[in-house]
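> My structure is below; once you've seen it, I'll send some questions.
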Amino acid sequence: MTHHTTVVQSRNIVLLLLSLFFSFTILTAKEILGKYSSHKREGKSIIVSSQQGERLRVTPYGKYMIRIQAVRDSEEFFADDRYEMVESHQWPGSLILLEDSTSLTASTDSSDGLAVRIEKKALRFSFGKSGSAFEFLHQSDGICWDGDTIHSSFAYDASEHFAGLGHGYFGRGKQIDLRGEVVQRNYGTQHGQQAPLLVPFYLSSKGYGVFLNSTFPNTFKFGANGEYEFSIAGEGRMDYFVILGPEFKNILDRYTQLTGRPRFFPQAAFGLALSDKGNDHTSTAPSDEKWWKEKIIAHRNAGFPLDHIINDNRWRAGGGQRCISYFEWDRGRYPDPKEYEQWVKSNGLILTIDFNRCIASHSEGWKPSFNIPQPDSIDFNDSAPDFTKKEVRDWFWNIFWTKSVDPALGFPGDAFWIDEFDEMGKAPLSMVMGNGRTWREMKNYWFFLIAKSLVQDGWDKNFNGTKRPFVWVRGMTAGAQRYATLWSGDIKPSYDEMKMQIRGLQFAGLAGFPFWGHDAGGFNNWEENHGPNDNMYRQWSMAFGSFTPFWKPHGIGQSRWPLDRPPIVQKDAKVYSELRYKLMPYIYTYAHHSTESGMPIARAMVIDHQNDSLAWKYDLQYMWGNEMLVAPNCSDSNKVTVWLPEGNWYDFWNDDIIKGNQIISYPAPTGKLPLFIKAGSIIPMGNYAVSTAFLKKDSLTVHVYTGSDASFNLYEDDGVTEHYRTNNEKRTTKITFTQSDFSLAIDSSVGSFTNAPVNRAVRIEFHGIQKQICLAANGVKLKTYKSEREAMAAREGIVWNKKKNILSVFLKSTLVTKPIVISSIKNCQ
């Protein structure tokens with residue numbers, strides 16, 4: 001070796017070390033948003049520059065939302081279309097800008113809108129209502145770039161409560177109140193981390209919400225060690241929306257305007273769903289066409305309802321097993337899928353077909369090039385589709401279309417169950433995907449891409465509104481509520497798990513996913529390979545399950561079919577099945593309301609009581625719509641502690657009136673669901689049927705829980721198509737009760753839809769009536785009868801049940817366009 005060579009090598013080593021040093025310095029350098037330099041208008045936005053060269057972009061989204069974006073001197077803002085979690089960036093609105101020597105204040109163009117004040121000394125934000133001195137959100141250390149992490153920190157108020165961010169793996173959460181917590185909502189890093197709901201959006205008891213518009217790994221701190229901040233790790237940009245309420249219902253409304261309204265599923269999706277998993281106490285029963293038909297007929301003949309057939313693997317050809325099969329109907333088990341579909345539809349049923357990730361490589365049209373670039377570290381690494389590639393997304397939709405749901409085939413297929421796409425977390429973060437971005441950036445976006453490929457790019461274009469989609473995926477991403485929903489994965493049959501699922505249901509509702517599902521009763525205890533025992537089945541699969549949006553008892557072990565359980569269990573199953581189907585007018589109305597406002601059917605108590613500390617504590621109960629309070633029994637004990645908010649409440653089971661604004665110990669033996677109705681409520685019900693397809697819309701029972709004024713706006717449509725939104729084919733009927741003069745008005749129905757009834761018979765049940773009241777219908781006195789039989793025979797009249805304190809009104813069938821007014825009269829003679 002020469003002296004010259006030694007010198008050159010030494011110089012190269014020095015240069016390498018210097019390069020590494022400077023790279024490390026840049027990577028770990030801490031940069032805090034600096035002092036004000038200048039500002040300018042750019043379209044609707046205001047760009048504020050610092051003396052260090054950082055830039056802020058402040059943009060109004062309507063009157064009640066402001067977007068904040070920040071970049072360093074060397075960076076550019078991400079394009080608006082980099083992610084599609086925000087449905088549209090085309091929002092009206094402008095900013096009114098005021099400046100003084102110490103700050104800039106930008107306000108939306110509304111007197112009750114949102115304002116942000118930006119301090120000049122160090123660029124820090126404070127948010128408040130326009131024209132108000134009160135600022136509900138104030139930055140402390142501002143925006144900071146620290147290594148590869150970007151932080152946005154705020155002053156912490158120990159009295160402030162927080163809720164939201166979707167839920168963790170398996171739908172689990174310790175409590176609704178996130179105060180004091182450090183929360184990360186990211187796609188998993190290990191196999192088995194199932195069903196995360198990745199929604200970087202939260203609500204504050206101070207009356208605002210925040211949505212972090214980034215898919216990079218996130219961390220939220222809500223007071224842990226006195227810190228209130230959120231951060232993202234990676235090559236991202238700080239980009240978030242502040243949303244003004246002040247009420248939670250306003251925040252949810254505005255958040256789902258921003259990221260998209262939840263998709264309205266077919267009415268059958270709100271009926272009972274049962275699967276072939278664990279059938280006949282084994283996992284080896286044939287679950288073929290013959291088995292399904294016999295099972296359903298026996299189930300229905302015993303008086304149980306069913307709307308939704310869920311196929312778990314065994315419909316598929318090539319073995320009918322989870323990973324030993326391919327996506328096509330098995331002609332051995334289903335010789336004639338077209339005939340089977342005719343039978344399914346004639347029996348008022350819909351049918352789900354499932355896709356496990358591990359069958360991708362076995363299925364028609366798959367190409368090795370569809371795989372992610374570095375799959376070696378994950379399970380089933382020959383079946384790891386890269387959904388950033390359009391050709392992969394197209395293949396995914398096309399296999400559903402060509403193998404089952406194309407109407408030209410006439411095969412079954414009304415809903416898609418997308419399983420196990422949540423278990424690719426071990427792939428390296430640095431892996432570059434088909435769209436040129438890293439897995440670190442894309443994995444939190446994964447479920448969005450899956451849902452969009454199946455619905456916006458597939459279903460919507462091919463069905464063109466003639467049939468609603470119903471897609472459920474094991475995991476979801478913010479914004480994907482406009483396409484699909486999720487369920488919480490393979491949960492355990494335990495009461496501790498049940499508690500977490502009650503919270504998971506509420507977390508989903510607070511995240512814009514009102515139609516969340518879970519395996520009611522638990523999927524399986526993997527250690528002992530069993531499902532829920534009979535008591536747990538009664539408490540969870542039936543009682544609690546029937547008061548969730550997507551009612552799906554499913555899992556390994558003992559059969560989840562009611563008819564396969566002992567008589568005492570079947571008795572409870574009938575109670576909750578019949579109640580669920582009778583409540584369908586109520587449930588379906590609130591389901592539609594969810595798609596218009598973002599308000600969930602199952603509402604955490606904090607939604608209506610965000611300023612009451614008890615609402616933040618009692619998170620094992622929830623409102624079912626605006627009128628009903630549900631408090632499931634998560635144990636084998638016979639008592640449940642329930643917080644009743646202010647007002648009077650009816651015990652649903654016996655009509656006892658309980659004063660609110662108190663905590664009660666409610667008697668709840670096994671199988672009895674604590675269920676309460678607010679005084680001043682209207683609950684519409686229908687007649688029982690074994691399928692939502694067979695519900696008769698030409699009759700309606702209106703339950704009025706007296707004690708205060710009440711109103712309800714009944715919603716109806718065809719339950720199948722999207723014509724309710726594309727052609728305005730829907731009907732609404734406003735029902736109003738006035739306590740002071742004891743009158744009920746059923747207004748003329750507005751609108752129509754295919755097969756909508758022209759006439760309707762109405763029965764009205766006034767609850768809490770302690771003495772005989774005489775009534776008139778449209779000014780004509782109603783005759784009083786001693787029994788319901790007599791009144792029904794006469795087809796019109798009233799009956800007072802003194803023992804139950806219920807006054808029943810029977811009315812003849814009349815045109816739905818004709819208003820009905822029930823009024824009290826003094827003279828009963």
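Just remember, in the structure tokens the first chain shown is A, the second B, etc., residues are 1-based per chain, and ligands are 1-based in the order shown.
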Mind checking which residues fall within 10 Å of A:Phe380, counting only C-alpha atoms, ignoring those fewer than 2 positions away in the same chain, and posting them as a PDB file with N, CA, C and O atoms, in the first residue's frame?


ATOM      1  N   CYS A 323     -57.737 -20.623   3.945  1.00  0.00           N
ATOM      2  CA  CYS A 323     -56.632 -20.343   3.035  1.00  0.00           C
ATOM      3  C   CYS A 323     -56.440 -21.414   1.976  1.00  0.00           C
ATOM      4  O   CYS A 323     -55.539 -21.302   1.139  1.00  0.00           O
ATOM      5  N   ARG A 357     -57.391 -12.572   2.825  1.00  0.00           N
ATOM      6  CA  ARG A 357     -56.213 -12.152   2.058  1.00  0.00           C
ATOM      7  C   ARG A 357     -55.409 -13.335   1.530  1.00  0.00           C
ATOM      8  O   ARG A 357     -54.866 -13.291   0.408  1.00  0.00           O
ATOM      9  N   CYS A 358     -55.357 -14.415   2.310  1.00  0.00           N
ATOM     10  CA  CYS A 358     -54.503 -15.542   1.943  1.00  0.00           C
ATOM     11  C   CYS A 358     -54.957 -16.290   0.693  1.00  0.00           C
ATOM     12  O   CYS A 358     -54.217 -17.125   0.166  1.00  0.00           O
ATOM     13  N   ILE A 359     -56.160 -15.991   0.169  1.00  0.00           N
ATOM     14  CA  ILE A 359     -56.596 -16.674  -1.056  1.00  0.00           C
ATOM     15  C   ILE A 359     -56.291 -15.862  -2.311  1.00  0.00           C
ATOM     16  O   ILE A 359     -56.567 -16.315  -3.422  1.00  0.00           O
ATOM     17  N   ALA A 360     -55.727 -14.681  -2.147  1.00  0.00           N
ATOM     18  CA  ALA A 360     -55.509 -13.821  -3.313  1.00  0.00           C
ATOM     19  C   ALA A 360     -54.702 -14.521  -4.396  1.00  0.00           C
ATOM     20  O   ALA A 360     -55.083 -14.544  -5.573  1.00  0.00           O
ATOM     21  N   SER A 361     -53.597 -15.135  -3.998  1.00  0.00           N
ATOM     22  CA  SER A 361     -52.713 -15.734  -4.996  1.00  0.00           C
ATOM     23  C   SER A 361     -53.308 -16.983  -5.634  1.00  0.00           C
ATOM     24  O   SER A 361     -52.826 -17.428  -6.685  1.00  0.00           O
ATOM     25  N   PRO A 375     -42.513  -8.517   0.851  1.00  0.00           N
ATOM     26  CA  PRO A 375     -43.508  -9.215   1.655  1.00  0.00           C
ATOM     27  C   PRO A 375     -42.952 -10.270   2.615  1.00  0.00           C
ATOM     28  O   PRO A 375     -43.706 -10.872   3.374  1.00  0.00           O
ATOM     29  N   ASP A 376     -41.643 -10.513   2.593  1.00  0.00           N
ATOM     30  CA  ASP A 376     -41.093 -11.689   3.259  1.00  0.00           C
ATOM     31  C   ASP A 376     -41.428 -11.784   4.738  1.00  0.00           C
ATOM     32  O   ASP A 376     -41.587 -12.879   5.282  1.00  0.00           O
ATOM     33  N   SER A 377     -41.547 -10.668   5.415  1.00  0.00           N
ATOM     34  CA  SER A 377     -41.715 -10.691   6.870  1.00  0.00           C
ATOM     35  C   SER A 377     -43.147 -10.938   7.322  1.00  0.00           C
ATOM     36  O   SER A 377     -43.395 -11.107   8.519  1.00  0.00           O
ATOM     37  N   ILE A 378     -44.105 -10.971   6.403  1.00  0.00           N
ATOM     38  CA  ILE A 378     -45.503 -11.116   6.805  1.00  0.00           C
ATOM     39  C   ILE A 378     -46.026 -12.511   6.475  1.00  0.00           C
ATOM     40  O   ILE A 378     -45.471 -13.223   5.639  1.00  0.00           O
ATOM     41  N   ASP A 382     -47.250 -14.531  -0.223  1.00  0.00           N
ATOM     42  CA  ASP A 382     -47.514 -14.588  -1.664  1.00  0.00           C
ATOM     43  C   ASP A 382     -48.864 -13.973  -2.001  1.00  0.00           C
ATOM     44  O   ASP A 382     -49.247 -13.899  -3.158  1.00  0.00           O
ATOM     45  N   SER A 383     -49.580 -13.522  -0.958  1.00  0.00           N
ATOM     46  CA  SER A 383     -50.907 -12.914  -1.133  1.00  0.00           C
ATOM     47  C   SER A 383     -50.969 -11.607  -0.345  1.00  0.00           C
ATOM     48  O   SER A 383     -51.664 -11.489   0.657  1.00  0.00           O
ATOM     49  N   ALA A 384     -50.208 -10.632  -0.797  1.00  0.00           N
ATOM     50  CA  ALA A 384     -50.134  -9.339  -0.104  1.00  0.00           C
ATOM     51  C   ALA A 384     -50.328  -8.216  -1.114  1.00  0.00           C
ATOM     52  O   ALA A 384     -49.370  -7.577  -1.552  1.00  0.00           O
ATOM     53  N   GLU A 423     -53.145  -7.489   8.756  1.00  0.00           N
ATOM     54  CA  GLU A 423     -52.017  -8.230   9.315  1.00  0.00           C
ATOM     55  C   GLU A 423     -50.799  -8.210   8.391  1.00  0.00           C
ATOM     56  O   GLU A 423     -50.174  -9.228   8.111  1.00  0.00           O
ATOM     57  N   MET A 424     -50.477  -7.008   7.920  1.00  0.00           N
ATOM     58  CA  MET A 424     -49.283  -6.826   7.083  1.00  0.00           C
ATOM     59  C   MET A 424     -48.296  -5.877   7.760  1.00  0.00           C
ATOM     60  O   MET A 424     -47.411  -5.305   7.130  1.00  0.00           O
TER      61      MET A 424
END

> Which polymer residues have any atom within 7 Å of an atom of stretch 119-125 of chain A, counting only C-alpha atoms, with same-chain residues fewer than 3 positions away left out, as a list of chain:residue names?

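My reading of the contact set: A:Leu33, A:Gly34, A:Lys35, A:Tyr36, A:Thr102, A:Ser103, A:Leu104, A:Val116, A:His138, A:Gln139, A:Gly142.
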
> What parts of stretch 150-270 of chain A does DSSP call strand (DSSP E)? I'd like the answer as an NGL selection string.

:A and (150-154 or 162-167 or 182-183 or 197-204 or 208-212 or 218-222 or 228-233 or 238-244)

> Report as a PyMOL selection string all protein, DNA and RNA residues lying within 7 Å of A:Gly173, evaluated on only C-alpha atoms, omitting residues in the same chain fewer than 4 positions from it.

chain A and resi 167-168+500+503-504

> Since we have the selection now, will you write its residues out, keeping N, CA and C atoms, as a PDB file, in the first residue's frame?


ATOM      1  N   HIS A 167     -60.706   3.548  17.508  1.00  0.00           N
ATOM      2  CA  HIS A 167     -60.370   2.632  18.588  1.00  0.00           C
ATOM      3  C   HIS A 167     -59.131   1.819  18.231  1.00  0.00           C
ATOM      4  N   GLY A 168     -58.579   1.163  19.248  1.00  0.00           N
ATOM      5  CA  GLY A 168     -57.399   0.343  19.056  1.00  0.00           C
ATOM      6  C   GLY A 168     -57.739  -1.019  18.483  1.00  0.00           C
ATOM      7  N   MET A 500     -65.314  -3.778  26.808  1.00  0.00           N
ATOM      8  CA  MET A 500     -64.520  -3.037  25.819  1.00  0.00           C
ATOM      9  C   MET A 500     -65.261  -2.884  24.502  1.00  0.00           C
ATOM     10  N   ARG A 503     -67.606   0.025  24.687  1.00  0.00           N
ATOM     11  CA  ARG A 503     -66.875   1.276  24.444  1.00  0.00           C
ATOM     12  C   ARG A 503     -66.452   1.375  22.974  1.00  0.00           C
ATOM     13  N   GLY A 504     -66.064   0.236  22.373  1.00  0.00           N
ATOM     14  CA  GLY A 504     -65.684   0.259  20.966  1.00  0.00           C
ATOM     15  C   GLY A 504     -66.815   0.752  20.079  1.00  0.00           C
TER      16      GLY A 504
END

> What's the 8 Å shell around stretch 219-226 of chain A, counting only C-alpha atoms, without same-chain residues fewer than 2 positions away, as a ChimeraX atom specification?

/A:156-158,162,178-185,217,228-232

> Determine which residues of stretch 162-285 of chain A receive a DSSP assignment of alpha helix (DSSP H), computed from the backbone, and state them as a list in words.

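Listing alpha helix (DSSP H) positions across stretch 162-285 of chain A yields Phe248, Lys249, Asn250, Ile251, Leu252, Asp253, Arg254, Tyr255, Thr256, Gln257, Leu258 and Thr259 of chain A.
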
> Compile the contact shell of A:Gly207 as a short mmCIF file (atom, residue, chain, number, x, y, z; two decimals) with C-alpha atoms, in the first residue's frame: residues with an atom at most 7 Å away, counting only C-alpha atoms, same-chain residues fewer than 4 positions apart removed.


data_model
loop_
_atom_site.label_atom_id
_atom_site.label_comp_id
_atom_site.auth_asym_id
_atom_site.auth_seq_id
_atom_site.Cartn_x
_atom_site.Cartn_y
_atom_site.Cartn_z
CA LEU A 244 -65.96 24.57 16.06
CA GLY A 245 -69.02 23.12 17.86
CA PRO A 246 -69.71 24.02 20.51
CA GLU A 247 -71.97 20.96 20.92
CA PHE A 248 -70.65 17.51 20.03
#

> What lies within 9 Å of A:Ile683 using only C-alpha atoms, ignoring chain neighbours under 3 positions off, as a list in words?

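The contact residues come out as Leu583, Pro585, Tyr586, Glu627, Met628, Thr701, Val702, His703, Val704, Tyr705 and Phe712 of chain A.
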
> For A:Leu510, which of A:Gly234, A:Gly545, A:Gly166, A:Gly128 is the closest residue, counting only C-alpha atoms?

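The answer is A:Gly166, which sits nearest to A:Leu510.
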
> So which residues touch A:Gly521 within 12 Å, counting only C-alpha atoms, skipping near sequence neighbours fewer than 3 positions away, as a PyMOL selection string?

chain A and resi 490-499+501-502+517-518+524-525+530-546+551-561+634

> Of the candidates A:Gly660, A:Gly479, A:Pro674, A:Gly489, which shows the shortest atom-to-atom distance to A:Pro196, using only C-alpha atoms?

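Looking at the shortest contact to A:Pro196, the residue is A:Gly489.
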
> Contacts between stretch 308-321 of chain A and stretch 339-365 of chain A, please, where a residue of stretch 339-365 of chain A counts if it comes within 8 Å (with only C-alpha atoms); show its shortest atom pair and distance in Å to one decimal, rows by chain and ascending number, as CSV.


residue,atom,partner,partner_atom,distance
A:Leu349,CA,A:His308,CA,5.7
A:Ile350,CA,A:His308,CA,5.0
A:Leu351,CA,A:Ile309,CA,4.6
A:Thr352,CA,A:Ile310,CA,4.9
A:Ile353,CA,A:Asn311,CA,5.7
A:Asp354,CA,A:Asp312,CA,6.4
A:Phe355,CA,A:Asn313,CA,7.8

> Tell me, in Å to one decimal, how far atom CA of A:Lys30 is from atom CA of A:Cys144.

7.0 Å

> Counting only C-alpha atoms, which of A:Gln342, A:Ser153, A:Gln194, A:Asn444 gets nearest to A:Ser214?

A:Asn444

> Name the closest residue to A:Lys696 among the candidates A:Ala791, A:Pro600, A:Met584, A:Asp636; distances are taken between atoms, counting only C-alpha atoms.

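The closest residue to A:Lys696 is A:Met584.
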
> Nearest to A:Leu252 among A:Leu675, A:Val210, A:Ala794, A:Met238, with distances taken over only C-alpha atoms: which residue is it?

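Once distances to A:Leu252 are computed over only C-alpha atoms, the minimum belongs to A:Val210.
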